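Trainee: So I've got this file, data.txt, and it contains compact mmCIF, C-alpha atoms:
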# COMPACT_ATOMS: atom_id res chain seq x y z
CA MET A 1 85.39 72.64 74.71
CA ARG A 2 81.96 73.80 73.61
CA ILE A 3 81.20 77.50 74.00
CA ALA A 4 77.65 78.85 73.76
CA LEU A 5 77.19 82.53 73.08
CA CYS A 6 73.73 83.39 74.39
CA GLY A 7 72.80 86.57 72.60
CA GLY A 8 75.54 85.64 70.16
CA THR A 9 73.76 87.27 67.24
CA GLY A 10 75.11 90.73 67.91
CA ASP A 11 77.48 93.09 69.64
CA ILE A 12 80.35 91.38 71.45
CA GLY A 13 78.93 87.89 70.81
CA GLU A 14 79.55 88.06 67.10
CA GLY A 15 83.21 88.97 67.51
CA LEU A 16 83.88 86.34 70.16
CA ALA A 17 82.17 83.68 68.00
CA LEU A 18 84.18 84.59 64.91
CA ARG A 19 87.50 84.80 66.73
CA TRP A 20 87.11 81.59 68.75
CA ALA A 21 86.02 79.77 65.60
CA ARG A 22 89.05 81.10 63.73
CA ASP A 23 91.72 81.09 66.46
CA SER A 24 90.88 78.10 68.67
CA PRO A 25 89.89 74.45 68.38
CA HIS A 26 86.72 75.05 70.43
CA GLU A 27 83.23 74.44 69.12
CA VAL A 28 81.16 77.62 68.99
CA ILE A 29 77.37 77.62 69.14
CA ILE A 30 75.11 80.63 68.85
CA GLY A 31 72.11 81.20 71.10
CA SER A 32 69.29 83.67 70.71
CA ARG A 33 65.80 84.08 72.10
CA ASP A 34 64.76 83.52 68.49
CA PRO A 35 66.23 80.20 67.27
CA GLU A 36 65.64 81.11 63.62
CA ARG A 37 67.73 84.24 64.08
CA ALA A 38 70.45 82.18 65.82
CA ARG A 39 70.55 79.80 62.83
CA THR A 40 70.71 82.66 60.33
CA LYS A 41 73.55 84.41 62.14
CA ALA A 42 75.44 81.13 62.66
CA ALA A 43 75.27 80.54 58.91
CA GLU A 44 76.51 84.09 58.29
CA TYR A 45 79.47 83.53 60.62
CA GLU A 46 80.30 80.25 58.85
CA GLU A 47 80.22 82.08 55.52
CA GLU A 48 82.39 84.95 56.79
CA LEU A 49 84.95 82.44 58.07
CA ALA A 50 84.79 80.32 54.89
CA SER A 51 85.54 83.44 52.82
CA ARG A 52 88.79 83.59 54.78
CA GLY A 53 89.59 79.93 54.28
CA VAL A 54 88.35 78.82 57.70
CA GLU A 55 85.97 75.89 57.33
CA VAL A 56 84.12 75.41 60.62
CA SER A 57 80.62 74.41 61.61
CA ILE A 58 78.70 76.90 63.76
CA ASN A 59 75.17 76.01 64.81
CA GLY A 60 72.38 78.21 66.12
CA PHE A 61 69.78 77.37 68.76
CA ALA A 62 67.39 78.95 71.19
CA ASN A 63 69.39 80.19 74.21
CA GLU A 64 68.15 77.28 76.38
CA MET A 65 69.25 74.66 73.87
CA ALA A 66 72.59 76.38 73.29
CA ALA A 67 73.29 76.53 77.04
CA ASP A 68 72.22 72.92 77.51
CA ARG A 69 74.97 71.72 75.21
CA ALA A 70 77.78 73.96 76.40
CA ASP A 71 80.72 73.77 78.80
CA VAL A 72 80.97 77.55 78.86
CA VAL A 73 78.05 79.96 78.38
CA VAL A 74 78.84 83.59 77.55
CA LEU A 75 75.98 85.95 78.39
CA SER A 76 76.56 88.34 75.50
CA VAL A 77 73.32 90.22 76.08
CA PRO A 78 72.70 93.80 77.23
CA ALA A 79 72.85 94.18 81.03
CA TYR A 80 69.08 94.69 81.22
CA HIS A 81 68.51 91.28 79.60
CA LEU A 82 70.95 89.48 81.86
CA ALA A 83 68.52 88.33 84.54
CA ASP A 84 65.88 87.02 82.13
CA THR A 85 68.50 85.29 79.99
CA ILE A 86 69.88 83.50 83.07
CA GLU A 87 66.35 82.62 84.17
CA ALA A 88 65.65 81.10 80.76
CA ILE A 89 68.71 78.85 80.85
CA ALA A 90 68.84 78.15 84.60
CA ASP A 91 67.62 74.55 84.47
CA ARG A 92 69.99 73.72 81.60
CA ILE A 93 73.21 74.66 83.41
CA ASP A 94 74.92 73.11 86.44
CA SER A 95 78.18 73.10 88.38
CA ASP A 96 80.01 71.84 85.29
CA THR A 97 78.94 74.90 83.31
CA THR A 98 80.94 78.10 83.50
CA LEU A 99 78.85 81.23 83.04
CA VAL A 100 80.64 84.31 81.68
CA SER A 101 79.35 87.88 82.07
CA PRO A 102 80.80 90.55 79.72
CA ALA A 103 77.89 93.01 79.99
CA VAL A 104 78.13 96.59 81.27
CA GLY A 105 75.28 98.89 82.23
CA MET A 106 75.76 102.45 81.01
CA LYS A 107 73.83 105.67 81.02
CA ARG A 108 74.44 108.78 79.01
CA ASP A 109 74.12 112.46 79.87
CA ASP A 110 75.43 115.70 78.35
CA ALA A 111 78.98 115.03 79.58
CA GLY A 112 79.25 111.54 78.13
CA PHE A 113 78.75 107.92 79.11
CA HIS A 114 78.76 106.76 82.70
CA TYR A 115 78.91 103.43 84.45
CA ASN A 116 75.45 102.58 85.73
CA ARG A 117 76.52 100.55 88.70
CA PRO A 118 73.87 98.00 89.72
CA SER A 119 72.80 97.93 93.35
CA GLY A 120 74.32 94.44 93.53
CA GLY A 121 77.75 96.01 93.06
CA SER A 122 78.41 95.09 89.42
CA VAL A 123 76.78 93.27 86.52
CA VAL A 124 78.99 90.25 87.21
CA GLU A 125 77.73 90.10 90.81
CA LEU A 126 74.17 90.54 89.53
CA ALA A 127 74.72 87.52 87.27
CA ALA A 128 76.15 85.52 90.17
CA ASN A 129 73.08 86.33 92.25
CA ALA A 130 70.72 85.38 89.42
CA ALA A 131 72.50 82.12 88.56
CA PRO A 132 71.87 78.81 90.35
CA ASP A 133 74.11 78.62 93.45
CA ASP A 134 76.34 75.83 92.13
CA VAL A 135 77.09 77.50 88.77
CA PRO A 136 80.36 79.48 88.78
CA VAL A 137 80.09 82.98 87.29
CA ILE A 138 83.13 84.65 85.76
CA GLY A 139 83.48 88.24 84.51
CA ALA A 140 85.47 88.77 81.30
CA PHE A 141 85.56 90.49 77.88
CA HIS A 142 84.22 93.82 79.22
CA ASN A 143 86.53 96.32 77.63
CA LEU A 144 86.61 95.14 74.04
CA ALA A 145 85.01 97.12 71.25
CA ALA A 146 82.42 95.05 69.40
CA GLY A 147 83.49 96.60 66.09
CA THR A 148 87.13 95.67 66.59
CA LEU A 149 86.32 92.13 67.63
CA ALA A 150 83.85 91.43 64.80
CA ASN A 151 86.10 92.72 62.03
CA LEU A 152 88.51 89.89 61.34
CA ASP A 153 90.68 92.22 59.25
CA VAL A 154 91.64 93.98 62.48
CA THR A 155 94.55 92.63 64.50
CA PHE A 156 95.07 93.90 68.03
CA GLU A 157 97.17 93.56 71.17
CA LEU A 158 94.74 94.11 74.02
CA ASP A 159 94.02 92.95 77.56
CA THR A 160 90.91 91.51 79.10
CA ILE A 161 90.53 91.25 82.87
CA VAL A 162 89.03 88.01 84.16
CA LEU A 163 87.24 88.02 87.51
CA GLY A 164 85.98 85.04 89.47
CA ASP A 165 85.70 83.36 92.84
CA ASP A 166 85.97 79.80 91.45
CA ALA A 167 89.62 79.18 90.55
CA ASP A 168 88.92 76.34 88.09
CA ALA A 169 86.24 78.25 86.21
CA LYS A 170 88.42 81.36 86.14
CA GLY A 171 91.28 79.30 84.74
CA ILE A 172 89.04 77.97 81.96
CA VAL A 173 87.95 81.47 80.95
CA MET A 174 91.48 82.89 81.13
CA SER A 175 92.60 80.11 78.83
CA LEU A 176 89.71 80.72 76.41
CA ALA A 177 90.52 84.44 76.38
CA ALA A 178 94.18 83.77 75.64
CA ASP A 179 93.13 81.51 72.76
CA ILE A 180 92.03 84.62 70.86
CA ASP A 181 94.97 85.99 68.87
CA GLY A 182 96.26 89.23 70.39
CA LEU A 183 94.22 89.01 73.56
CA ARG A 184 96.00 88.76 76.92
CA ALA A 185 94.02 87.53 79.92
CA LEU A 186 94.78 89.20 83.25
CA ASP A 187 93.53 87.88 86.57
CA GLY A 188 91.54 90.67 88.24
CA GLY A 189 90.82 88.70 91.42
CA GLY A 190 87.32 87.96 92.70
CA ILE A 191 84.01 89.19 91.33
CA ALA A 192 83.90 91.79 94.12
CA ASN A 193 86.49 93.61 91.95
CA ALA A 194 84.26 93.72 88.86
CA ALA A 195 82.80 97.23 89.14
CA GLU A 196 86.09 98.98 88.36
CA VAL A 197 86.51 96.77 85.27
CA GLU A 198 82.98 97.35 84.01
CA GLY A 199 83.47 101.10 84.57
CA ILE A 200 86.21 101.23 81.95
CA THR A 201 83.74 100.56 79.12
CA PRO A 202 81.94 103.95 79.25
CA LEU A 203 85.34 105.59 79.68
CA LEU A 204 86.51 104.05 76.40
CA ILE A 205 83.54 105.68 74.68
CA ASN A 206 84.23 109.05 76.34
CA ILE A 207 87.86 108.94 75.19
CA ALA A 208 86.78 108.08 71.64
CA MET A 209 84.26 110.95 71.67
CA ASN A 210 86.83 113.51 72.85
CA ASN A 211 89.96 112.57 70.92
CA GLU A 212 90.34 112.61 67.17
CA GLU A 213 91.44 109.41 65.48
CA LEU A 214 90.75 107.27 68.53
CA HIS A 215 87.81 104.93 68.17
CA ASP A 216 86.81 101.36 69.00
CA LEU A 217 89.29 101.47 71.85
CA GLY A 218 90.52 98.73 74.11
CA VAL A 219 92.92 98.80 77.02
CA VAL A 220 96.39 97.55 77.88
CA PHE A 221 97.95 97.49 81.34
CA ARG A 222 101.73 97.83 81.58
CA MET B 1 104.85 128.26 83.53
CA ARG B 2 105.16 127.78 87.30
CA ILE B 3 103.78 124.53 88.72
CA ALA B 4 103.20 124.09 92.46
CA LEU B 5 102.89 120.57 93.80
CA CYS B 6 100.95 120.89 97.04
CA GLY B 7 101.78 117.74 98.96
CA GLY B 8 104.72 117.46 96.59
CA THR B 9 106.88 115.74 99.18
CA GLY B 10 105.62 112.25 98.48
CA ASP B 11 103.69 109.79 96.37
CA ILE B 12 102.76 111.07 92.92
CA GLY B 13 104.00 114.61 93.70
CA GLU B 14 107.62 113.52 93.83
CA GLY B 15 107.52 111.86 90.42
CA LEU B 16 105.68 114.73 88.73
CA ALA B 17 108.17 117.22 90.22
CA LEU B 18 111.20 115.24 89.06
CA ARG B 19 109.85 114.61 85.58
CA TRP B 20 108.63 118.14 84.91
CA ALA B 21 111.95 119.49 86.17
CA ARG B 22 113.84 117.09 83.88
CA ASP B 23 111.57 117.01 80.80
CA SER B 24 110.07 120.50 80.57
CA PRO B 25 111.10 124.15 80.81
CA HIS B 26 108.56 124.79 83.59
CA GLU B 27 109.49 125.95 87.07
CA VAL B 28 108.55 123.42 89.74
CA ILE B 29 107.89 124.39 93.34
CA ILE B 30 107.14 122.03 96.20
CA GLY B 31 104.42 122.69 98.76
CA SER B 32 103.82 120.96 102.07
CA ARG B 33 101.91 121.72 105.24
CA ASP B 34 105.38 121.76 106.81
CA PRO B 35 107.54 124.31 104.92
CA GLU B 36 110.74 122.85 106.36
CA ARG B 37 109.84 119.46 104.92
CA ALA B 38 109.04 121.10 101.58
CA ARG B 39 112.50 122.72 101.52
CA THR B 40 114.23 119.47 102.46
CA LYS B 41 112.46 117.47 99.75
CA ALA B 42 112.99 120.21 97.16
CA ALA B 43 116.73 120.06 97.91
CA GLU B 44 116.64 116.26 97.57
CA TYR B 45 114.94 116.53 94.18
CA GLU B 46 117.54 119.07 93.04
CA GLU B 47 120.28 116.68 94.12
CA GLU B 48 118.66 113.69 92.39
CA LEU B 49 118.40 115.69 89.18
CA ALA B 50 121.93 117.10 89.48
CA SER B 51 123.26 113.54 89.80
CA ARG B 52 121.78 113.00 86.34
CA GLY B 53 123.26 116.16 84.91
CA VAL B 54 120.07 118.22 85.20
CA GLU B 55 120.81 121.51 86.96
CA VAL B 56 117.53 123.10 88.02
CA SER B 57 116.35 125.09 90.98
CA ILE B 58 113.41 123.64 92.93
CA ASN B 59 112.13 125.57 95.92
CA GLY B 60 109.97 124.43 98.82
CA PHE B 61 107.29 126.41 100.64
CA ALA B 62 104.24 126.01 102.81
CA ASN B 63 101.31 124.95 100.59
CA GLU B 64 99.77 128.45 100.76
CA MET B 65 102.96 130.14 99.62
CA ALA B 66 103.55 127.58 96.88
CA ALA B 67 100.01 128.03 95.55
CA ASP B 68 100.30 131.82 95.73
CA ARG B 69 103.20 131.80 93.26
CA ALA B 70 101.88 129.23 90.82
CA ASP B 71 100.02 129.18 87.51
CA VAL B 72 99.07 125.55 88.05
CA VAL B 73 98.54 123.89 91.43
CA VAL B 74 98.58 120.08 91.59
CA LEU B 75 96.80 118.73 94.68
CA SER B 76 99.07 115.72 95.17
CA VAL B 77 97.61 114.86 98.56
CA PRO B 78 95.54 111.86 99.67
CA ALA B 79 91.83 112.23 98.89
CA TYR B 80 91.00 112.72 102.57
CA HIS B 81 93.31 115.76 102.72
CA LEU B 82 91.92 117.32 99.57
CA ALA B 83 89.30 119.56 101.16
CA ASP B 84 91.56 120.95 103.89
CA THR B 85 94.39 121.52 101.40
CA ILE B 86 92.06 123.50 99.13
CA GLU B 87 90.75 125.43 102.13
CA ALA B 88 94.30 126.33 103.13
CA ILE B 89 95.18 127.74 99.70
CA ALA B 90 91.75 129.13 98.72
CA ASP B 91 92.59 132.82 99.17
CA ARG B 92 95.87 132.43 97.26
CA ILE B 93 94.33 131.12 94.02
CA ASP B 94 92.04 132.79 91.49
CA SER B 95 90.62 132.39 87.99
CA ASP B 96 94.15 132.52 86.56
CA THR B 97 95.17 129.48 88.60
CA THR B 98 94.48 125.97 87.31
CA LEU B 99 93.87 123.44 90.06
CA VAL B 100 94.68 119.80 89.25
CA SER B 101 93.27 116.81 91.15
CA PRO B 102 95.06 113.45 90.75
CA ALA B 103 93.81 111.89 94.02
CA VAL B 104 91.74 108.70 94.28
CA GLY B 105 89.88 107.41 97.34
CA MET B 106 90.23 103.66 97.82
CA LYS B 107 89.18 101.10 100.36
CA ARG B 108 90.43 97.57 100.78
CA ASP B 109 88.66 94.34 101.69
CA ASP B 110 89.51 90.64 101.39
CA ALA B 111 88.95 90.66 97.61
CA GLY B 112 91.24 93.59 96.90
CA PHE B 113 91.12 97.35 96.45
CA HIS B 114 87.96 99.19 95.51
CA TYR B 115 87.13 102.67 94.37
CA ASN B 116 85.63 104.58 97.25
CA ARG B 117 83.41 106.87 95.25
CA PRO B 118 82.69 110.14 97.07
CA SER B 119 79.08 111.21 97.40
CA GLY B 120 79.96 114.20 95.19
CA GLY B 121 80.51 111.75 92.29
CA SER B 122 84.32 111.72 92.17
CA VAL B 123 87.31 113.26 93.90
CA VAL B 124 87.69 115.72 91.02
CA GLU B 125 84.10 116.90 91.52
CA LEU B 126 84.75 117.09 95.28
CA ALA B 127 87.72 119.34 94.53
CA ALA B 128 85.62 121.49 92.20
CA ASN B 129 83.00 121.90 94.92
CA ALA B 130 85.63 122.80 97.53
CA ALA B 131 87.49 125.28 95.28
CA PRO B 132 86.48 128.94 94.87
CA ASP B 133 83.88 129.20 92.10
CA ASP B 134 86.10 131.03 89.64
CA VAL B 135 89.03 128.58 89.88
CA PRO B 136 88.98 125.90 87.15
CA VAL B 137 89.54 122.36 88.44
CA ILE B 138 91.01 119.70 86.16
CA GLY B 139 91.39 115.96 86.80
CA ALA B 140 94.61 114.31 85.62
CA PHE B 141 97.49 111.95 86.53
CA HIS B 142 95.21 109.40 88.26
CA ASN B 143 96.44 106.15 86.86
CA LEU B 144 100.18 106.51 87.21
CA ALA B 145 102.18 104.45 89.68
CA ALA B 146 104.10 106.68 92.08
CA GLY B 147 107.04 104.27 92.01
CA THR B 148 107.29 104.36 88.23
CA LEU B 149 107.04 108.12 88.08
CA ALA B 150 109.59 108.82 90.83
CA ASN B 151 112.23 106.47 89.45
CA LEU B 152 113.91 108.43 86.68
CA ASP B 153 115.65 105.26 85.48
CA VAL B 154 112.24 104.01 84.32
CA THR B 155 111.04 104.99 80.87
CA PHE B 156 107.41 104.37 79.95
CA GLU B 157 104.77 104.83 77.27
CA LEU B 158 101.57 105.49 79.19
CA ASP B 159 98.36 107.48 78.98
CA THR B 160 96.79 109.94 81.37
CA ILE B 161 93.20 111.04 80.98
CA VAL B 162 92.53 114.75 81.49
CA LEU B 163 89.08 115.88 82.58
CA GLY B 164 87.74 119.41 82.79
CA ASP B 165 84.88 121.75 82.07
CA ASP B 166 87.11 124.76 81.33
CA ALA B 167 88.64 124.27 77.88
CA ASP B 168 91.57 126.64 78.42
CA ALA B 169 92.55 125.09 81.75
CA LYS B 170 92.17 121.59 80.32
CA GLY B 171 94.41 122.55 77.41
CA ILE B 172 97.08 123.80 79.80
CA VAL B 173 97.06 120.54 81.78
CA MET B 174 97.02 118.37 78.63
CA SER B 175 100.05 120.27 77.42
CA LEU B 176 101.83 119.90 80.78
CA ALA B 177 101.07 116.16 80.79
CA ALA B 178 102.44 115.75 77.27
CA ASP B 179 105.62 117.57 78.35
CA ILE B 180 106.55 114.49 80.41
CA ASP B 181 108.53 112.06 78.26
CA GLY B 182 106.45 108.99 77.40
CA LEU B 183 103.17 110.34 78.72
CA ARG B 184 100.26 110.83 76.32
CA ALA B 185 97.41 113.11 77.40
CA LEU B 186 93.91 112.03 76.38
CA ASP B 187 90.87 114.26 76.69
CA GLY B 188 88.32 112.44 78.86
CA GLY B 189 85.66 115.14 78.54
CA GLY B 190 84.11 116.96 81.51
CA ILE B 191 84.67 116.32 85.20
CA ALA B 192 81.35 114.45 85.33
CA ASN B 193 83.35 111.66 83.62
CA ALA B 194 85.98 111.48 86.37
CA ALA B 195 84.66 108.56 88.44
CA GLU B 196 85.44 105.94 85.80
CA VAL B 197 88.98 107.29 85.52
CA GLU B 198 89.58 107.35 89.27
CA GLY B 199 88.19 103.80 89.47
CA ILE B 200 91.07 102.45 87.36
CA THR B 201 93.60 103.11 90.13
CA PRO B 202 92.38 100.36 92.54
CA LEU B 203 92.04 98.06 89.53
CA LEU B 204 95.73 98.57 88.70
CA ILE B 205 96.58 97.38 92.22
CA ASN B 206 94.26 94.37 91.93
CA ILE B 207 95.88 93.35 88.65
CA ALA B 208 99.34 93.70 90.18
CA MET B 209 98.27 91.59 93.18
CA ASN B 210 96.86 88.78 91.02
CA ASN B 211 99.36 88.51 88.18
CA GLU B 212 103.01 87.62 88.55
CA GLU B 213 105.57 90.03 87.16
CA LEU B 214 103.07 92.85 86.79
CA HIS B 215 103.59 95.72 89.21
CA ASP B 216 103.52 99.52 89.25
CA LEU B 217 101.10 99.39 86.35
CA GLY B 218 99.76 102.15 84.19
CA VAL B 219 97.29 102.10 81.35
CA VAL B 220 97.24 102.61 77.60
CA PHE B 221 94.15 103.01 75.43
CA ARG B 222 94.34 101.81 71.83
Take the structure in the file and give it back as structure tokens.
Mentor:
Amino acid sequence: MRIALCGGTGDIGEGLALRWARDSPHEVIIGSRDPERARTKAAEYEEELASRGVEVSINGFANEMAADRADVVVLSVPAYHLADTIEAIADRIDSDTTLVSPAVGMKRDDAGFHYNRPSGGSVVELAANAAPDDVPVIGAFHNLAAGTLANLDVTFELDTIVLGDDADAKGIVMSLAADIDGLRALDGGGIANAAEVEGITPLLINIAMNNEELHDLGVVFR
Amino acid sequence: MRIALCGGTGDIGEGLALRWARDSPHEVIIGSRDPERARTKAAEYEEELASRGVEVSINGFANEMAADRADVVVLSVPAYHLADTIEAIADRIDSDTTLVSPAVGMKRDDAGFHYNRPSGGSVVELAANAAPDDVPVIGAFHNLAAGTLANLDVTFELDTIVLGDDADAKGIVMSLAADIDGLRALDGGGIANAAEVEGITPLLINIAMNNEELHDLGVVFR
């Protein structure tokens, strides 16, 4: 399977790219609005993996080109860039492409971080509304700390909740999630259930801010 | 310390009563709108504990009387009974009483359960608005399954997030939470951060509904 990480030059995209490249047989490609930046970061990821004995090829492209080549497109961009990223790739994806939304909108005040729930219900539902009608949109990878994911020295045992209305596409993403060592994929039901999942991300930051020795947190359900 | 569980005859109240009575030195009293029902359940809890070799005295009262005698009052009632329960006990509590809100409002549709966020921001904030101004209100015990808690055969390693704007009151509740075997208390910051915590409860049900062999779930942050 070929996975494109649009916005794969930073935050959660970097960690997913590194871990899929290391832990799975899937081909990882990096997308960015700036293709030169995508190529630079892809080369950095290759180098990071090679230094650990993992020889893989990771290529970088403009987001449109990355999406065009992919079976699965992960929208690893901030929530406020979601709609324009989808718009940019819309004519390169179709019903055979699975779109994955891990983004969360947050706002901060004196008390801490809060879930900035979009009027559409959730960021995943916003993505589904922005995507072409025949393209399945799946929510996943919300509650993972970018720092944990991108540091390959860190091992973890964490959960990610996968949300989707298209059973096949959801199955693909659950399988991709489980391909990452230490990550368990849980079925969260349809995308109408996404808000409560997205809301955990600011909570993880609040817990880290208020409790010593807890940082870069993830979540486990048991 | 004396802990009153208003609405302690069912749901989460039962499990908290049994576990505090078993695991801590604190005195547990059961409140109900119906004092006869409170006495009956209190006697049942005593019996359940005695059958496990734990000899403690648990008394039942009308909610007002229970609150009047307590250092900490846990509002273990459904969210829609929160305001009238607080109204009933308002002249029996003061700045020396810590009020604890574990309730979550939920609604259900075809996709699953959803957090029914009150206009006040969260149920904890609703409780704070309904309580007398000088009474500190703390959020805690939201994401625990009643069935897990009430079955003393079940051991667990779970987290509960404690929210509050009064540091002393929050410290008391964090300590009470940690008194329960297997429960870790995490500081979630102020009550303005409560919505994201309350929102996990419907998510726990959605995960249980969509994943085989997962039920009565709780949460761990790591």
Trainee: Just need the residues of chain A within 9 Å of chain B, counting only C-alpha atoms, so spit them out as number ranges by chain.
Mentor: A: 111-115, 156-158, 161, 186-197, 199-204, 206-211, 214-222
Trainee: Next, dump the selected residues to file, keeping only C-alpha atoms, as a CSV table (one decimal), in the coordinates of the input.
Mentor:
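Dumped everything to selection30.csv:
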chain,number,residue,atom,x,y,z
A,111,ALA,CA,79.0,115.0,79.6
A,112,GLY,CA,79.2,111.5,78.1
A,113,PHE,CA,78.8,107.9,79.1
A,114,HIS,CA,78.8,106.8,82.7
A,115,TYR,CA,78.9,103.4,84.4
A,156,PHE,CA,95.1,93.9,68.0
A,157,GLU,CA,97.2,93.6,71.2
A,158,LEU,CA,94.7,94.1,74.0
A,161,ILE,CA,90.5,91.2,82.9
A,186,LEU,CA,94.8,89.2,83.2
A,187,ASP,CA,93.5,87.9,86.6
A,188,GLY,CA,91.5,90.7,88.2
A,189,GLY,CA,90.8,88.7,91.4
A,190,GLY,CA,87.3,88.0,92.7
A,191,ILE,CA,84.0,89.2,91.3
A,192,ALA,CA,83.9,91.8,94.1
A,193,ASN,CA,86.5,93.6,92.0
A,194,ALA,CA,84.3,93.7,88.9
A,195,ALA,CA,82.8,97.2,89.1
A,196,GLU,CA,86.1,99.0,88.4
A,197,VAL,CA,86.5,96.8,85.3
A,199,GLY,CA,83.5,101.1,84.6
A,200,ILE,CA,86.2,101.2,82.0
A,201,THR,CA,83.7,100.6,79.1
A,202,PRO,CA,81.9,104.0,79.2
A,203,LEU,CA,85.3,105.6,79.7
A,204,LEU,CA,86.5,104.0,76.4
A,206,ASN,CA,84.2,109.0,76.3
A,207,ILE,CA,87.9,108.9,75.2
A,208,ALA,CA,86.8,108.1,71.6
A,209,MET,CA,84.3,111.0,71.7
A,210,ASN,CA,86.8,113.5,72.8
A,211,ASN,CA,90.0,112.6,70.9
A,214,LEU,CA,90.8,107.3,68.5
A,215,HIS,CA,87.8,104.9,68.2
A,216,ASP,CA,86.8,101.4,69.0
A,217,LEU,CA,89.3,101.5,71.8
A,218,GLY,CA,90.5,98.7,74.1
A,219,VAL,CA,92.9,98.8,77.0
A,220,VAL,CA,96.4,97.6,77.9
A,221,PHE,CA,98.0,97.5,81.3
A,222,ARG,CA,101.7,97.8,81.6
Trainee: Which polymer residues have any atom within 9 Å of an atom of region 38-49 of chain B, counting only C-alpha atoms, with same-chain residues fewer than 6 positions away left out, as a PyMOL selection string?
Mentor: chain B and resi 7-10+14+17-18+21-22+29-32+55-63+152
Trainee: Dig up all the protein and nucleic acid residues within 10 Å of (93.3, 134.4, 92.7) in the file frame, using all atoms listed in the file, and format them as a PDB file with C-alpha atoms, in the frame of the given file.
Mentor:
ATOM      1  CA  ALA B  67     100.010 128.030  95.550  1.00  0.00           C
ATOM      2  CA  ASP B  68     100.300 131.820  95.730  1.00  0.00           C
ATOM      3  CA  ASP B  71     100.020 129.180  87.510  1.00  0.00           C
ATOM      4  CA  ILE B  89      95.180 127.740  99.700  1.00  0.00           C
ATOM      5  CA  ALA B  90      91.750 129.130  98.720  1.00  0.00           C
ATOM      6  CA  ASP B  91      92.590 132.820  99.170  1.00  0.00           C
ATOM      7  CA  ARG B  92      95.870 132.430  97.260  1.00  0.00           C
ATOM      8  CA  ILE B  93      94.330 131.120  94.020  1.00  0.00           C
ATOM      9  CA  ASP B  94      92.040 132.790  91.490  1.00  0.00           C
ATOM     10  CA  SER B  95      90.620 132.390  87.990  1.00  0.00           C
ATOM     11  CA  ASP B  96      94.150 132.520  86.560  1.00  0.00           C
ATOM     12  CA  THR B  97      95.170 129.480  88.600  1.00  0.00           C
ATOM     13  CA  PRO B 132      86.480 128.940  94.870  1.00  0.00           C
ATOM     14  CA  ASP B 134      86.100 131.030  89.640  1.00  0.00           C
ATOM     15  CA  VAL B 135      89.030 128.580  89.880  1.00  0.00           C
TER      16      VAL B 135
END
Trainee: Counting only C-alpha atoms, what is within 9 Å of Ala150 (chain B), bar same-chain residues fewer than 4 positions away, as a PyMOL selection string?
Mentor: chain B and resi 11-19+145-146+154
Trainee: Distance CA of Ser24 (chain B)-CA of Ser175 (chain B), one decimal place?
Mentor: 10.5 Å
Trainee: Could you check which of A:Met106, A:Ile3, A:Ala169, A:Ala79 is closest to Ala127 (chain A), using only C-alpha atoms?
Mentor: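 Of the candidates, the smallest distance to Ala127 (chain A) is held by A:Ala79.
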Trainee: So the first atom is CA of Ile138 (chain A) and the second is CA of Asp23 (chain A); what is the distance between them in Å, to one decimal place?
Mentor: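 Taking CA of Ile138 (chain A) as the start and CA of Asp23 (chain A) as the end point, the length is 21.4 Å.
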Trainee: Using only C-alpha atoms, pick whichever of A:Leu144, A:Leu149, A:Ile180, A:Val123 has the shortest atom-to-atom distance to Leu163 (chain A).
Mentor: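 Nearest candidate to Leu163 (chain A) out of A:Leu144, A:Leu149, A:Ile180, A:Val123: A:Val123.
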Trainee: Just to confirm, what's the straight-line distance from CA of Arg2 (chain B) to CA of Glu27 (chain B) in Å (one decimal)?
Mentor: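 Computing the Euclidean distance for CA of Arg2 (chain B) and CA of Glu27 (chain B) yields 4.7 Å.
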